[in-house]
$ cat protein.cif   # mmCIF, N, CA and C atoms and all ligand atoms
data_input
#
loop_
_atom_site.group_PDB
_atom_site.id
_atom_site.type_symbol
_atom_site.label_atom_id
_atom_site.label_comp_id
_atom_site.auth_asym_id
_atom_site.auth_seq_id
_atom_site.Cartn_x
_atom_site.Cartn_y
_atom_site.Cartn_z
ATOM 1 N N MET A 1 -1.657 19.176 -11.842
ATOM 2 C CA MET A 1 -1.326 19.187 -10.395
ATOM 3 C C MET A 1 -1.992 18.008 -9.700
ATOM 4 N N ILE A 2 -1.198 17.192 -9.082
ATOM 5 C CA ILE A 2 -1.695 16.004 -8.393
ATOM 6 C C ILE A 2 -2.078 16.366 -6.957
ATOM 7 N N THR A 3 -3.256 15.962 -6.553
ATOM 8 C CA THR A 3 -3.658 16.163 -5.165
ATOM 9 C C THR A 3 -3.464 14.851 -4.398
ATOM 10 N N CYS A 4 -3.597 14.930 -3.074
ATOM 11 C CA CYS A 4 -3.474 13.728 -2.245
ATOM 12 C C CYS A 4 -4.501 12.684 -2.676
ATOM 13 N N LYS A 5 -5.694 13.157 -3.021
ATOM 14 C CA LYS A 5 -6.765 12.258 -3.437
ATOM 15 C C LYS A 5 -6.367 11.525 -4.724
ATOM 16 N N ASP A 6 -5.815 12.285 -5.678
ATOM 17 C CA ASP A 6 -5.347 11.675 -6.929
ATOM 18 C C ASP A 6 -4.261 10.650 -6.639
ATOM 19 N N PHE A 7 -3.363 11.044 -5.752
ATOM 20 C CA PHE A 7 -2.245 10.168 -5.436
ATOM 21 C C PHE A 7 -2.731 8.838 -4.876
ATOM 22 N N LEU A 8 -3.650 8.916 -3.925
ATOM 23 C CA LEU A 8 -4.150 7.700 -3.286
ATOM 24 C C LEU A 8 -4.890 6.822 -4.281
ATOM 25 N N ARG A 9 -5.581 7.465 -5.232
ATOM 26 C CA ARG A 9 -6.326 6.697 -6.233
ATOM 27 C C ARG A 9 -5.365 5.939 -7.148
ATOM 28 N N GLU A 10 -4.210 6.534 -7.410
ATOM 29 C CA GLU A 10 -3.246 5.926 -8.338
ATOM 30 C C GLU A 10 -2.187 5.081 -7.637
ATOM 31 N N LEU A 11 -2.244 5.082 -6.301
ATOM 32 C CA LEU A 11 -1.155 4.457 -5.530
ATOM 33 C C LEU A 11 -0.902 2.993 -5.914
ATOM 34 N N ASN A 12 -1.979 2.212 -6.056
ATOM 35 C CA ASN A 12 -1.811 0.793 -6.394
ATOM 36 C C ASN A 12 -1.070 0.605 -7.711
ATOM 37 N N ASP A 13 -1.499 1.356 -8.720
ATOM 38 C CA ASP A 13 -0.854 1.263 -10.025
ATOM 39 C C ASP A 13 0.583 1.749 -9.946
ATOM 40 N N PHE A 14 0.774 2.818 -9.177
ATOM 41 C CA PHE A 14 2.105 3.391 -8.997
ATOM 42 C C PHE A 14 3.068 2.336 -8.444
ATOM 43 N N LEU A 15 2.616 1.606 -7.428
ATOM 44 C CA LEU A 15 3.460 0.586 -6.814
ATOM 45 C C LEU A 15 3.573 -0.647 -7.701
ATOM 46 N N ASP A 16 2.605 -0.831 -8.559
ATOM 47 C CA ASP A 16 2.596 -1.960 -9.476
ATOM 48 C C ASP A 16 3.452 -1.693 -10.703
ATOM 49 N N GLU A 17 3.896 -0.458 -10.845
ATOM 50 C CA GLU A 17 4.738 -0.031 -11.958
ATOM 51 C C GLU A 17 4.047 -0.196 -13.317
ATOM 52 N N THR A 18 2.721 -0.080 -13.297
ATOM 53 C CA THR A 18 1.980 -0.128 -14.564
ATOM 54 C C THR A 18 1.510 1.260 -14.969
ATOM 55 N N THR A 19 1.822 2.246 -14.123
ATOM 56 C CA THR A 19 1.352 3.595 -14.380
ATOM 57 C C THR A 19 2.063 4.216 -15.579
ATOM 58 N N ASP A 20 1.321 5.000 -16.289
ATOM 59 C CA ASP A 20 1.865 5.810 -17.376
ATOM 60 C C ASP A 20 3.059 6.634 -16.861
ATOM 61 N N PRO A 21 4.178 6.631 -17.591
ATOM 62 C CA PRO A 21 5.397 7.309 -17.113
ATOM 63 C C PRO A 21 5.201 8.777 -16.756
ATOM 64 N N VAL A 22 4.346 9.457 -17.492
ATOM 65 C CA VAL A 22 4.096 10.871 -17.217
ATOM 66 C C VAL A 22 3.379 11.028 -15.876
ATOM 67 N N LEU A 23 2.335 10.222 -15.700
ATOM 68 C CA LEU A 23 1.587 10.263 -14.445
ATOM 69 C C LEU A 23 2.492 9.850 -13.285
ATOM 70 N N ARG A 24 3.310 8.844 -13.541
ATOM 71 C CA ARG A 24 4.240 8.331 -12.542
ATOM 72 C C ARG A 24 5.194 9.440 -12.053
ATOM 73 N N ALA A 25 5.692 10.217 -12.989
ATOM 74 C CA ALA A 25 6.578 11.326 -12.638
ATOM 75 C C ALA A 25 5.847 12.343 -11.767
ATOM 76 N N GLU A 26 4.579 12.591 -12.102
ATOM 77 C CA GLU A 26 3.763 13.517 -11.312
ATOM 78 C C GLU A 26 3.572 12.983 -9.892
ATOM 79 N N LEU A 27 3.312 11.684 -9.794
ATOM 80 C CA LEU A 27 3.101 11.065 -8.483
ATOM 81 C C LEU A 27 4.386 11.114 -7.664
ATOM 82 N N GLU A 28 5.501 10.874 -8.336
ATOM 83 C CA GLU A 28 6.788 10.923 -7.641
ATOM 84 C C GLU A 28 7.068 12.330 -7.122
ATOM 85 N N ARG A 29 6.698 13.317 -7.932
ATOM 86 C CA ARG A 29 6.898 14.694 -7.500
ATOM 87 C C ARG A 29 6.012 14.988 -6.286
ATOM 88 N N HIS A 30 4.798 14.429 -6.310
ATOM 89 C CA HIS A 30 3.902 14.659 -5.182
ATOM 90 C C HIS A 30 4.472 14.092 -3.883
ATOM 91 N N ILE A 31 4.986 12.857 -3.916
ATOM 92 C CA ILE A 31 5.510 12.304 -2.655
ATOM 93 C C ILE A 31 6.775 13.019 -2.192
ATOM 94 N N ASN A 32 7.475 13.645 -3.119
ATOM 95 C CA ASN A 32 8.638 14.442 -2.698
ATOM 96 C C ASN A 32 8.217 15.701 -1.954
ATOM 97 N N GLU A 33 7.000 16.161 -2.251
ATOM 98 C CA GLU A 33 6.529 17.409 -1.646
ATOM 99 C C GLU A 33 5.549 17.182 -0.513
ATOM 100 N N CYS A 34 5.019 15.976 -0.408
ATOM 101 C CA CYS A 34 3.954 15.713 0.557
ATOM 102 C C CYS A 34 4.357 14.565 1.496
ATOM 103 N N PRO A 35 4.842 14.895 2.693
ATOM 104 C CA PRO A 35 5.302 13.868 3.634
ATOM 105 C C PRO A 35 4.215 12.847 3.966
ATOM 106 N N ASN A 36 2.979 13.336 4.013
ATOM 107 C CA ASN A 36 1.834 12.484 4.308
ATOM 108 C C ASN A 36 1.734 11.325 3.329
ATOM 109 N N CYS A 37 1.745 11.647 2.054
ATOM 110 C CA CYS A 37 1.614 10.634 1.015
ATOM 111 C C CYS A 37 2.882 9.799 0.917
ATOM 112 N N TRP A 38 4.000 10.401 1.242
ATOM 113 C CA TRP A 38 5.248 9.640 1.231
ATOM 114 C C TRP A 38 5.166 8.491 2.230
ATOM 115 N N VAL A 39 4.664 8.795 3.424
ATOM 116 C CA VAL A 39 4.539 7.768 4.469
ATOM 117 C C VAL A 39 3.568 6.677 4.022
ATOM 118 N N ILE A 40 2.439 7.092 3.451
ATOM 119 C CA ILE A 40 1.442 6.123 2.980
ATOM 120 C C ILE A 40 2.049 5.229 1.900
ATOM 121 N N CYS A 41 2.762 5.855 0.987
ATOM 122 C CA CYS A 41 3.400 5.122 -0.107
ATOM 123 C C CYS A 41 4.426 4.132 0.440
ATOM 124 N N ASP A 42 5.250 4.611 1.362
ATOM 125 C CA ASP A 42 6.308 3.783 1.935
ATOM 126 C C ASP A 42 5.726 2.584 2.679
ATOM 127 N N THR A 43 4.694 2.841 3.478
ATOM 128 C CA THR A 43 4.054 1.775 4.263
ATOM 129 C C THR A 43 3.418 0.739 3.350
ATOM 130 N N THR A 44 2.716 1.228 2.327
ATOM 131 C CA THR A 44 2.038 0.321 1.399
ATOM 132 C C THR A 44 3.045 -0.528 0.641
ATOM 133 N N LYS A 45 4.145 0.120 0.236
ATOM 134 C CA LYS A 45 5.194 -0.589 -0.486
ATOM 135 C C LYS A 45 5.741 -1.744 0.364
ATOM 136 N N LYS A 46 6.001 -1.458 1.635
ATOM 137 C CA LYS A 46 6.543 -2.483 2.534
ATOM 138 C C LYS A 46 5.540 -3.616 2.735
ATOM 139 N N THR A 47 4.259 -3.255 2.857
ATOM 140 C CA THR A 47 3.215 -4.268 3.027
ATOM 141 C C THR A 47 3.170 -5.188 1.815
ATOM 142 N N ILE A 48 3.241 -4.595 0.628
ATOM 143 C CA ILE A 48 3.213 -5.377 -0.608
ATOM 144 C C ILE A 48 4.423 -6.296 -0.685
ATOM 145 N N GLN A 49 5.569 -5.796 -0.245
ATOM 146 C CA GLN A 49 6.778 -6.617 -0.273
ATOM 147 C C GLN A 49 6.627 -7.835 0.633
ATOM 148 N N VAL A 50 5.962 -7.641 1.779
ATOM 149 C CA VAL A 50 5.723 -8.765 2.691
ATOM 150 C C VAL A 50 4.843 -9.800 2.006
ATOM 151 N N TYR A 51 3.772 -9.332 1.369
ATOM 152 C CA TYR A 51 2.856 -10.236 0.663
ATOM 153 C C TYR A 51 3.578 -10.976 -0.455
ATOM 154 N N LYS A 52 4.381 -10.245 -1.206
ATOM 155 C CA LYS A 52 5.108 -10.860 -2.318
ATOM 156 C C LYS A 52 6.114 -11.867 -1.797
ATOM 157 N N GLY A 53 6.745 -11.560 -0.674
ATOM 158 C CA GLY A 53 7.686 -12.470 -0.046
ATOM 159 C C GLY A 53 7.012 -13.774 0.345
ATOM 160 N N MET A 54 5.791 -13.658 0.852
ATOM 161 C CA MET A 54 5.050 -14.858 1.249
ATOM 162 C C MET A 54 4.715 -15.705 0.032
ATOM 163 N N GLU A 55 4.351 -15.047 -1.041
ATOM 164 C CA GLU A 55 4.029 -15.758 -2.281
ATOM 165 C C GLU A 55 5.247 -16.510 -2.808
ATOM 166 N N ALA A 56 6.386 -15.823 -2.764
ATOM 167 C CA ALA A 56 7.609 -16.379 -3.316
ATOM 168 C C ALA A 56 8.011 -17.661 -2.594
ATOM 169 N N GLN A 57 7.655 -17.739 -1.339
ATOM 170 C CA GLN A 57 8.026 -18.926 -0.572
ATOM 171 C C GLN A 57 7.081 -20.100 -0.798
ATOM 172 N N ASN A 58 6.031 -19.872 -1.579
ATOM 173 C CA ASN A 58 5.071 -20.930 -1.885
ATOM 174 C C ASN A 58 4.552 -21.637 -0.645
ATOM 175 N N LEU A 59 3.994 -20.871 0.228
ATOM 176 C CA LEU A 59 3.481 -21.454 1.461
ATOM 177 C C LEU A 59 2.298 -22.373 1.169
ATOM 178 N N PRO A 60 2.256 -23.497 1.862
ATOM 179 C CA PRO A 60 1.088 -24.359 1.729
ATOM 180 C C PRO A 60 -0.162 -23.665 2.265
ATOM 181 N N GLU A 61 -1.301 -23.958 1.695
ATOM 182 C CA GLU A 61 -2.552 -23.262 1.986
ATOM 183 C C GLU A 61 -2.838 -23.009 3.468
ATOM 184 N N PRO A 62 -2.825 -24.062 4.311
ATOM 185 C CA PRO A 62 -3.229 -23.820 5.712
ATOM 186 C C PRO A 62 -2.349 -22.784 6.396
ATOM 187 N N VAL A 63 -1.045 -22.846 6.141
ATOM 188 C CA VAL A 63 -0.115 -21.880 6.741
ATOM 189 C C VAL A 63 -0.436 -20.490 6.233
ATOM 190 N N HIS A 64 -0.656 -20.413 4.936
ATOM 191 C CA HIS A 64 -0.980 -19.145 4.302
ATOM 192 C C HIS A 64 -2.234 -18.542 4.915
ATOM 193 N N GLU A 65 -3.259 -19.371 5.056
ATOM 194 C CA GLU A 65 -4.517 -18.878 5.623
ATOM 195 C C GLU A 65 -4.335 -18.417 7.060
ATOM 196 N N ARG A 66 -3.525 -19.171 7.808
ATOM 197 C CA ARG A 66 -3.288 -18.802 9.203
ATOM 198 C C ARG A 66 -2.565 -17.452 9.280
ATOM 199 N N LEU A 67 -1.568 -17.269 8.416
ATOM 200 C CA LEU A 67 -0.846 -15.994 8.363
ATOM 201 C C LEU A 67 -1.794 -14.843 8.045
ATOM 202 N N MET A 68 -2.664 -15.076 7.067
ATOM 203 C CA MET A 68 -3.605 -14.041 6.664
ATOM 204 C C MET A 68 -4.513 -13.649 7.824
ATOM 205 N N SER A 69 -5.002 -14.653 8.561
ATOM 206 C CA SER A 69 -5.897 -14.340 9.670
ATOM 207 C C SER A 69 -5.123 -13.672 10.807
ATOM 208 N N MET A 70 -3.844 -14.039 10.957
ATOM 209 C CA MET A 70 -3.005 -13.367 11.956
ATOM 210 C C MET A 70 -2.848 -11.891 11.622
ATOM 211 N N ILE A 71 -2.573 -11.643 10.344
ATOM 212 C CA ILE A 71 -2.399 -10.263 9.892
ATOM 213 C C ILE A 71 -3.704 -9.494 10.077
ATOM 214 N N ALA A 72 -4.801 -10.139 9.742
ATOM 215 C CA ALA A 72 -6.111 -9.497 9.883
ATOM 216 C C ALA A 72 -6.381 -9.146 11.338
ATOM 217 N N LYS A 73 -5.975 -10.021 12.257
ATOM 218 C CA LYS A 73 -6.217 -9.763 13.682
ATOM 219 C C LYS A 73 -5.318 -8.660 14.221
ATOM 220 N N LYS A 74 -4.100 -8.597 13.665
ATOM 221 C CA LYS A 74 -3.147 -7.591 14.140
ATOM 222 C C LYS A 74 -3.572 -6.175 13.798
ATOM 223 N N LYS A 75 -4.326 -6.044 12.699
ATOM 224 C CA LYS A 75 -4.734 -4.715 12.280
ATOM 225 C C LYS A 75 -6.252 -4.615 12.296
ATOM 226 N N PRO A 76 -6.837 -4.451 13.461
ATOM 227 C CA PRO A 76 -8.296 -4.399 13.513
ATOM 228 C C PRO A 76 -8.826 -3.079 12.970
ATOM 229 N N GLY A 77 -9.481 -3.165 11.852
ATOM 230 C CA GLY A 77 -10.188 -2.041 11.240
ATOM 231 C C GLY A 77 -9.423 -0.738 11.235
ATOM 232 N N CYS A 78 -8.231 -0.730 10.675
ATOM 233 C CA CYS A 78 -7.399 0.471 10.730
ATOM 234 C C CYS A 78 -8.017 1.661 9.998
ATOM 235 N N CYS A 79 -8.880 1.381 9.040
ATOM 236 C CA CYS A 79 -9.447 2.485 8.273
ATOM 237 C C CYS A 79 -10.921 2.706 8.611
ATOM 238 N N GLY A 80 -11.523 1.818 9.354
ATOM 239 C CA GLY A 80 -12.964 1.887 9.572
ATOM 240 C C GLY A 80 -13.320 2.530 10.897
ATOM 241 N N GLY A 81 -14.605 2.480 11.199
ATOM 242 C CA GLY A 81 -15.048 2.916 12.513
ATOM 243 C C GLY A 81 -15.404 4.380 12.579
ATOM 244 N N GLY A 82 -14.490 5.235 12.191
ATOM 245 C CA GLY A 82 -14.737 6.658 12.290
ATOM 246 C C GLY A 82 -14.552 7.184 13.711
ATOM 247 N N ASP A 83 -14.047 6.344 14.564
ATOM 248 C CA ASP A 83 -13.767 6.735 15.940
ATOM 249 C C ASP A 83 -12.378 7.378 15.975
ATOM 250 N N THR A 84 -12.332 8.678 15.794
ATOM 251 C CA THR A 84 -11.042 9.364 15.611
ATOM 252 C C THR A 84 -10.315 9.664 16.909
ATOM 253 N N HIS A 85 -10.935 9.305 18.042
ATOM 254 C CA HIS A 85 -10.305 9.487 19.337
ATOM 255 C C HIS A 85 -10.056 10.963 19.650
HETATM 256 ZN ZN ZN A 101 -0.300 14.166 -0.581
#
$ encode --input "protein.cif" --output "structure tokens"
Amino acid sequence: MITCKDFLRELNDFLDETTDPVLRAELERHINECPNCWVICDTTKKTIQVYKGMEAQNLPEPVHERLMSMIAKKKPGCCGGGDTH
């Protein structure tokens, strides 16, 4: 039985398609049953696609660095702080 914690730990590998097929099936079943993890998975997948898209275009370093800092500024500490409002 996969828990949300297990899912999040395996998420990178899952999206990288290097996960063991059995584990992968378990993770897929989890996102079908858990809307929370489905959203996390979907968001992460889209983020990775953006990064991969940037790589594919072979951006010159300065542009790449500027984009990275723009992205960093757009998402100020989304996971940190502990200020849950
Ligand atoms: Zn979950």
$ resolve_selection --input "protein.cif" --expression "the PyMOL selection byres (((not hetatm)) within 8 of (chain A and resi 101))" --output "list in words"
Ile2, Thr3, Cys4, Lys5, Asp6, Phe7, Leu8, His30, Ile31, Glu33, Cys34, Pro35, Asn36, Cys37 and Trp38 of chain A
$ atom_distance --input "protein.cif" --atom1 "atom C of A:Met54" --atom2 "atom CA of A:Ala72"
15.9 Å
$ atom_distance --input "protein.cif" --atom1 "atom CA of A:Phe14" --atom2 "atom C of A:Gln49"
15.5 Å
$ closest_residue --input "protein.cif" --among "A:Glu26, A:Asp20, A:Gly53, A:Thr47" --to "A:Met1" --atoms "all atoms listed in the file"
A:Glu26
$ atom_distance --input "protein.cif" --atom1 "atom CA of A:Leu15" --atom2 "atom CA of A:Lys73"
24.9 Å
$ axis_aligned_box --input "protein.cif" --around "stretch 38-57 of chain A" --padding-each-side "3 Å" --output "lines of an AutoDock Vina configuration file"
center_x = 4.7
center_y = -4.8
center_z = 0.6
size_x = 12.6
size_y = 36.5
size_z = 13.8
$ closest_residue --input "protein.cif" --among "A:Ile40, A:Leu11, A:Val50, A:Ala25" --to "A:Met68" --atoms "only C-alpha atoms"
A:Val50
